[in-house]
Amino acid sequence: MNEQARPLPAEDSAAAVSAASERAPSRLSEAGVAAAMYLGCIVIALIVSAIIVWVTGGSPQDVFSALLDGSLRAPGRWGETIGIAIPLVVVALGTAINGRAGVVNIGQEGQVMMGAAFAAYVGVNLAGPGPLVIVCLLIVGALAGAMWAGIASWLLYWRRVPEVLTTLLLITVASQATGYALKVDWLLLAPFREDRSVRNQVSDQLSTGVRLPRIDIWGNDFPISSIAVVLMAVIVFVLFRRSVWGFRLRMLGRNPRTAQRAGVSTVTYGTTAMLISGACAGVAGAMMLSGGDFGNYRFTPGFANNIGWEGLLVALVARSHPVGIVVVAFSFAGLRAGSGFLAATGVEREISQVVLALLVLALLVPPAILFIRERRRALSATRDRT
Amino acid sequence: MGGFFEAIGDVITNEVTYSGAMRFAALLAFAAIGETIAEKAGTLNISLEGMLLGGAFAGALGMHLTESVTVGLAFATVVGVVVASVQANMSHRLTANQFVVGLALNTLVLGIASFLNTSIQPVSRAAHRFEIPGVSEIPLVGDAFFNQPWPLYLVYPMVPAAWWLLYRTRWGLEVRSVGENPQAADVSGIDVNKRRRQSIYIAGFTSGLGGGYLVLGQIGRFEDAIVGGQGFIAIAAVIFGGWTMRGVIGGCVLFGTVNSFRLTLPTVGHELNSELLSAAPFVVTIVTVTFFAYRTREPRALAQPFVRGLT
C-alpha cells in the first residue's frame, strides 16, 4: 500500500546501486546483529521468568543458582543432564527429518510411549544374550514408534486427514493404551511379589544384562547411547547436506509442486519421512527405558514424561539443524535436571517448564525479525531496479 | 456383544447421559466456535488447549479473589485474549511458525497455571443451576438443555452470533477471503495479517470463556489436567464439521456424547476398562474425521503464513 506514496525511483542506475550497497551491511555485522538479538531475547525471557518467581514470593537468584547447581555444578549432575539430553536429541533429529519434508509430526510424545512400551515387553520377555536383546529392544521400539506415526501418515495420504490432528490425538490413545497394558498380566504388568504390599501399575524391571552400559567420567555417569546419538546427529547432518535423498526431502518441503515435477513422489517421501520420525521417537523411548535415567529400568504410566514434547520443541528452536539440536537439547536437559534442585528454594518445580516455554517463544523472535528485514530489503531492491 | 448393546441401551435411556453430553458439548462448542473463525482466516490454532487452560485457571482465580462467578468468567476471557494476543502477534506479525508458537504457548500456560495453582491454591465452586421453567420439563432432554449451571447458557447466543459475524458481515467476508486466497485479499486492500490476528482474538475470547465455564460451570475447582486434550478434540470438531457452523456444532455434540457415555456407563452398572473408555473419545474422533473429512474442503490457505511478495 505504501508503495504508491513513494516518489518514483531515481532514473540514474548508479545512484540506485550505491543506495542498495549502503543498505546491504557486511556479513560480519549481520551476524553480530543476529547474535545480539538472540542474546537480548534470551535475557528478556529470563527476566520475565525472574519476575514471575519474584511476584510469587520466591528469590530469582536462588532459583537460577539452583538450576545451575542441578544441571552442571553439583557433583555428578552433568552426567544426569547428558542422560536426559539423549532422548531429546533423538526425538529432535527425527522431527528435523519430517520437518524438512514439510510433514508435521507433533505426536512424538505418544510415539515415545509406544516405543518404550514395546521395548519393555521385549526386554522383559525375550531370553537370550544381553547385547542381542538390547539390539532387539531398540529395533522393536523403533518399529513401534514408526507404526504409531505411520497411522497418521496413512490417514493423511489415504483420506487427507490433517496429520497435525491425528498425531496429536494419538498421543492420548498411546498413553491410555500403554496404561491398559500395564494393568494386564500377559502384557506388561509385573508379576505379584511378596515383598511389595501394593501391586503397582508398573512393568518388571529390566534384568542387569539387558541394560545399556554406562560410561563414568569423574563421577558423572551416563548411558553409552550418548555416543550413538552423536553419530546419529552426524549422519543426519551428512544426509541433509550431501545426499540426494536429503535434497529431495527439502525440495518436497519447500515446494511440493516443483518436487512433483522433478519426480519426487509426495506419498513415498512424505511417508518415509514420517516413519523415520516416528522410529526416532520410538528409539528414544527404548533408550530411555534401557538407559536407566528414566523410571529406573521400569515402564510406568506416563513414562514419556514430556520428553516427546520437549524433543519437538528442541527441533523447532534449533530450526532442524543437527548441531543446533545437540546444543539446544543439552540446555533443555539442563533445565530439567536443574529443576530437581528447586525444592530447596521453596519454589515449585513447574517454574522450569515456564522458563523453558518462555525461552522457546523468545528464540522464535530473532529469526522472524531477520526474515522480515531481509524480505523488506529484497522488496526495496526490486523497487529500485524497476 | 449382547451385553454391549444392553449397556448402550441403558445409557441412551438415562437422562444423566444427555445432561453430561450437553455439558461436554458446550465446552467443546465454546472452543470450537472461536476456532472455526480462526481457521476460516487461515490459522490452525493449536494453542486452543492453552487458551482453555488459561481461561480455566483465571476463572478459578477470579472466583477465589471476588467470590463471584461473573468476575471469574471476565478474568477467563481476559486471559484467553492475552494468550491469543501472543499467538496472533508471533504468528501473524512476526510470521513465526504457528504450530511452534501454539505448542510453546500450551507448555507455557500449563507451566504458569500449575505453578500458580500450587503457590496460590485458589478456592472456587461451581455456579448454581438455573432451571428455565416450562421447557425443562421436556422428557429425556429437557434437563440437558434447560437445567444447567448458568454459564452454559452463554454458548446458546454465541452460535448464531458467530455465524452472523462470519457470513453476514463485511468483516466475516474479509476473514473468509483471507483464509482462501490471501494474495488476492491483499491486492484488494485487505490487511491479511490484521484480519488473521483479529480472528485469533475472537478464538481467545470464546475459548477463554469456555475455560471459565469448565471450571465454574462444570467441575468447580481447578486442576492441572482439567482440560486434558479437549482443546484438541475441539479442533477435530471443526475439521469434522467441514468448517461450517452447523457441522462444527454437530461435531461438538457427537464428541460430547461420546465423552458422556464414558462417564455414564459405569454409573448405570456396566464395568468396562477405564483406560479404554478414556481413549474412546479420541479414537472415535480419529475414525469419524477419517470418514467425513474427505468430503469437505479446508480453507485453502489454512496454516500458511502470509508475507507479501512471497507466495
# chains A, B, ... in the order shown; residues from 1 in each chain; ligands from 1
>>> interface_residues(of="chain A", to="chain B", cutoff="7 Å", atoms="only C-alpha atoms", output="list in words")
Leu155, Arg159, Arg160, Val161, Leu165, Thr166, Leu169, Thr172, Val173, Gln176, Ala177, Gly179, Tyr180, Leu316, Glu348, Glu350, Ile351, Gln353, Val354, Ala357, Leu358, Val360, Leu361, Leu364, Ala368 and Ile369 of chain A
>>> write_last_selection(atoms="C-alpha atoms", output="PDB file, in the first residue's frame")
ATOM      1  CA  LEU A 155      -4.659 -41.417   7.145  1.00  0.00           C
ATOM      2  CA  ARG A 159      -8.055 -39.732   3.472  1.00  0.00           C
ATOM      3  CA  ARG A 160      -6.403 -36.316   3.669  1.00  0.00           C
ATOM      4  CA  VAL A 161      -6.898 -36.207   7.431  1.00  0.00           C
ATOM      5  CA  LEU A 165      -4.646 -33.510  14.286  1.00  0.00           C
ATOM      6  CA  THR A 166      -4.094 -37.260  14.140  1.00  0.00           C
ATOM      7  CA  LEU A 169      -4.934 -37.222  19.231  1.00  0.00           C
ATOM      8  CA  THR A 172      -3.717 -39.704  24.368  1.00  0.00           C
ATOM      9  CA  VAL A 173      -4.592 -43.000  22.738  1.00  0.00           C
ATOM     10  CA  GLN A 176      -4.183 -44.871  27.597  1.00  0.00           C
ATOM     11  CA  ALA A 177      -3.285 -47.999  25.631  1.00  0.00           C
ATOM     12  CA  GLY A 179      -1.754 -47.711  30.727  1.00  0.00           C
ATOM     13  CA  TYR A 180      -4.104 -50.552  29.858  1.00  0.00           C
ATOM     14  CA  LEU A 316      11.815 -26.331  16.273  1.00  0.00           C
ATOM     15  CA  GLU A 348       7.636 -25.130  42.755  1.00  0.00           C
ATOM     16  CA  GLU A 350       6.918 -26.210  37.465  1.00  0.00           C
ATOM     17  CA  ILE A 351       8.830 -22.953  37.083  1.00  0.00           C
ATOM     18  CA  GLN A 353       8.621 -25.505  32.460  1.00  0.00           C
ATOM     19  CA  VAL A 354       7.738 -21.804  32.410  1.00  0.00           C
ATOM     20  CA  ALA A 357       8.448 -22.209  27.241  1.00  0.00           C
ATOM     21  CA  LEU A 358       9.480 -18.561  27.563  1.00  0.00           C
ATOM     22  CA  VAL A 360      11.217 -21.183  23.171  1.00  0.00           C
ATOM     23  CA  LEU A 361       8.997 -18.188  22.480  1.00  0.00           C
ATOM     24  CA  LEU A 364      11.375 -17.647  17.802  1.00  0.00           C
ATOM     25  CA  ALA A 368      11.427 -13.974  12.384  1.00  0.00           C
ATOM     26  CA  ILE A 369      12.705 -10.399  12.601  1.00  0.00           C
TER      27      ILE A 369
END
>>> select_by_dssp(residues="range 18-258 of chain B", states="strand (DSSP E or B)", output="PyMOL selection string")
chain B and resi 129-131+147-149
>>> write_last_selection(atoms="N, CA and C atoms", output="JSON list (two decimals), in the first residue's frame")
[["chain", "number", "residue", "atom", "x", "y", "z"],
["B", 129, "ARG", "N", -27.21, -24.04, 39.53],
["B", 129, "ARG", "CA", -28.00, -24.39, 38.37],
["B", 129, "ARG", "C", -29.11, -23.37, 38.18],
["B", 130, "PHE", "N", -29.48, -23.17, 36.97],
["B", 130, "PHE", "CA", -30.58, -22.25, 36.70],
["B", 130, "PHE", "C", -31.57, -23.00, 35.82],
["B", 131, "GLU", "N", -32.75, -23.25, 36.38],
["B", 131, "GLU", "CA", -33.71, -24.04, 35.64],
["B", 131, "GLU", "C", -34.65, -23.10, 34.91],
["B", 147, "ASN", "N", -31.70, -27.13, 32.23],
["B", 147, "ASN", "CA", -31.46, -27.15, 33.67],
["B", 147, "ASN", "C", -29.97, -27.39, 33.90],
["B", 148, "GLN", "N", -29.21, -26.35, 33.68],
["B", 148, "GLN", "CA", -27.76, -26.47, 33.73],
["B", 148, "GLN", "C", -27.19, -25.29, 34.51],
["B", 149, "PRO", "N", -25.93, -25.38, 34.94],
["B", 149, "PRO", "CA", -25.30, -24.19, 35.53],
["B", 149, "PRO", "C", -25.38, -23.03, 34.55]]
>>> atom_distance(atom1="CA of Leu67 in chain A", atom2="CA of Ser49 in chain A")
12.8 Å
>>> select_by_dssp(residues="range 54-212 of chain B", states="alpha helix (DSSP H)", output="PyMOL selection string")
chain B and resi 54-66+69-92+98-120+142-146+155-167+170-180+182-187+192-212
>>> atom_distance(atom1="CA of Leu356 in chain A", atom2="CA of Leu335 in chain A")
7.4 Å
>>> residues_around(residues="Ile202 in chain B", least_positions_apart="6", cutoff="9 Å", atoms="only C-alpha atoms", output="ChimeraX atom specification")
/B:34-35,37-38,81,84
>>> residues_around(residues="range 218-223 of chain A", least_positions_apart="5", cutoff="9 Å", atoms="only C-alpha atoms", output="PDB file with N, CA and C atoms, in the first residue's frame")
ATOM      1  N   PRO A  75      28.221 -32.178  42.006  1.00  0.00           N
ATOM      2  CA  PRO A  75      28.921 -33.374  41.508  1.00  0.00           C
ATOM      3  C   PRO A  75      27.957 -34.373  40.865  1.00  0.00           C
ATOM      4  N   GLY A  76      28.375 -34.897  39.733  1.00  0.00           N
ATOM      5  CA  GLY A  76      27.592 -35.936  39.071  1.00  0.00           C
ATOM      6  C   GLY A  76      26.408 -35.421  38.294  1.00  0.00           C
ATOM      7  N   ARG A  77      26.207 -34.100  38.257  1.00  0.00           N
ATOM      8  CA  ARG A  77      24.971 -33.617  37.657  1.00  0.00           C
ATOM      9  C   ARG A  77      25.050 -33.517  36.147  1.00  0.00           C
ATOM     10  N   TRP A  78      26.248 -33.195  35.585  1.00  0.00           N
ATOM     11  CA  TRP A  78      26.204 -33.076  34.121  1.00  0.00           C
ATOM     12  C   TRP A  78      26.049 -34.426  33.442  1.00  0.00           C
ATOM     13  N   GLY A  79      26.394 -35.497  34.177  1.00  0.00           N
ATOM     14  CA  GLY A  79      26.093 -36.831  33.640  1.00  0.00           C
ATOM     15  C   GLY A  79      24.596 -37.016  33.515  1.00  0.00           C
ATOM     16  N   GLU A  80      23.874 -36.591  34.548  1.00  0.00           N
ATOM     17  CA  GLU A  80      22.406 -36.632  34.547  1.00  0.00           C
ATOM     18  C   GLU A  80      21.847 -35.820  33.368  1.00  0.00           C
ATOM     19  N   THR A  81      22.431 -34.633  33.183  1.00  0.00           N
ATOM     20  CA  THR A  81      21.970 -33.785  32.078  1.00  0.00           C
ATOM     21  C   THR A  81      22.156 -34.483  30.735  1.00  0.00           C
ATOM     22  N   ILE A  82      23.317 -35.132  30.569  1.00  0.00           N
ATOM     23  CA  ILE A  82      23.543 -35.851  29.302  1.00  0.00           C
ATOM     24  C   ILE A  82      22.511 -36.962  29.145  1.00  0.00           C
ATOM     25  N   GLY A  83      22.251 -37.680  30.250  1.00  0.00           N
ATOM     26  CA  GLY A  83      21.268 -38.766  30.200  1.00  0.00           C
ATOM     27  C   GLY A  83      19.911 -38.280  29.730  1.00  0.00           C
ATOM     28  N   ILE A  86      19.919 -37.242  25.831  1.00  0.00           N
ATOM     29  CA  ILE A  86      19.977 -38.291  24.798  1.00  0.00           C
ATOM     30  C   ILE A  86      18.634 -38.467  24.078  1.00  0.00           C
ATOM     31  N   LEU A 212      21.592 -50.811  29.088  1.00  0.00           N
ATOM     32  CA  LEU A 212      22.696 -50.203  28.353  1.00  0.00           C
ATOM     33  C   LEU A 212      23.843 -49.951  29.329  1.00  0.00           C
ATOM     34  N   PRO A 213      25.086 -50.277  28.907  1.00  0.00           N
ATOM     35  CA  PRO A 213      26.224 -49.994  29.785  1.00  0.00           C
ATOM     36  C   PRO A 213      26.355 -48.496  30.021  1.00  0.00           C
ATOM     37  N   MET A 287      15.542 -46.154  24.367  1.00  0.00           N
ATOM     38  CA  MET A 287      16.793 -45.738  25.028  1.00  0.00           C
ATOM     39  C   MET A 287      16.526 -45.231  26.436  1.00  0.00           C
ATOM     40  N   SER A 290      16.027 -48.446  28.555  1.00  0.00           N
ATOM     41  CA  SER A 290      17.190 -49.277  28.838  1.00  0.00           C
ATOM     42  C   SER A 290      18.365 -48.447  29.325  1.00  0.00           C
ATOM     43  N   GLY A 291      18.270 -47.127  29.239  1.00  0.00           N
ATOM     44  CA  GLY A 291      19.369 -46.271  29.681  1.00  0.00           C
ATOM     45  C   GLY A 291      19.377 -46.066  31.178  1.00  0.00           C
ATOM     46  N   GLY A 292      18.198 -46.092  31.796  1.00  0.00           N
ATOM     47  CA  GLY A 292      18.161 -46.053  33.240  1.00  0.00           C
ATOM     48  C   GLY A 292      17.925 -44.674  33.855  1.00  0.00           C
ATOM     49  N   ASP A 293      17.982 -43.587  33.044  1.00  0.00           N
ATOM     50  CA  ASP A 293      17.767 -42.274  33.639  1.00  0.00           C
ATOM     51  C   ASP A 293      16.294 -41.989  33.882  1.00  0.00           C
TER      52      ASP A 293
END
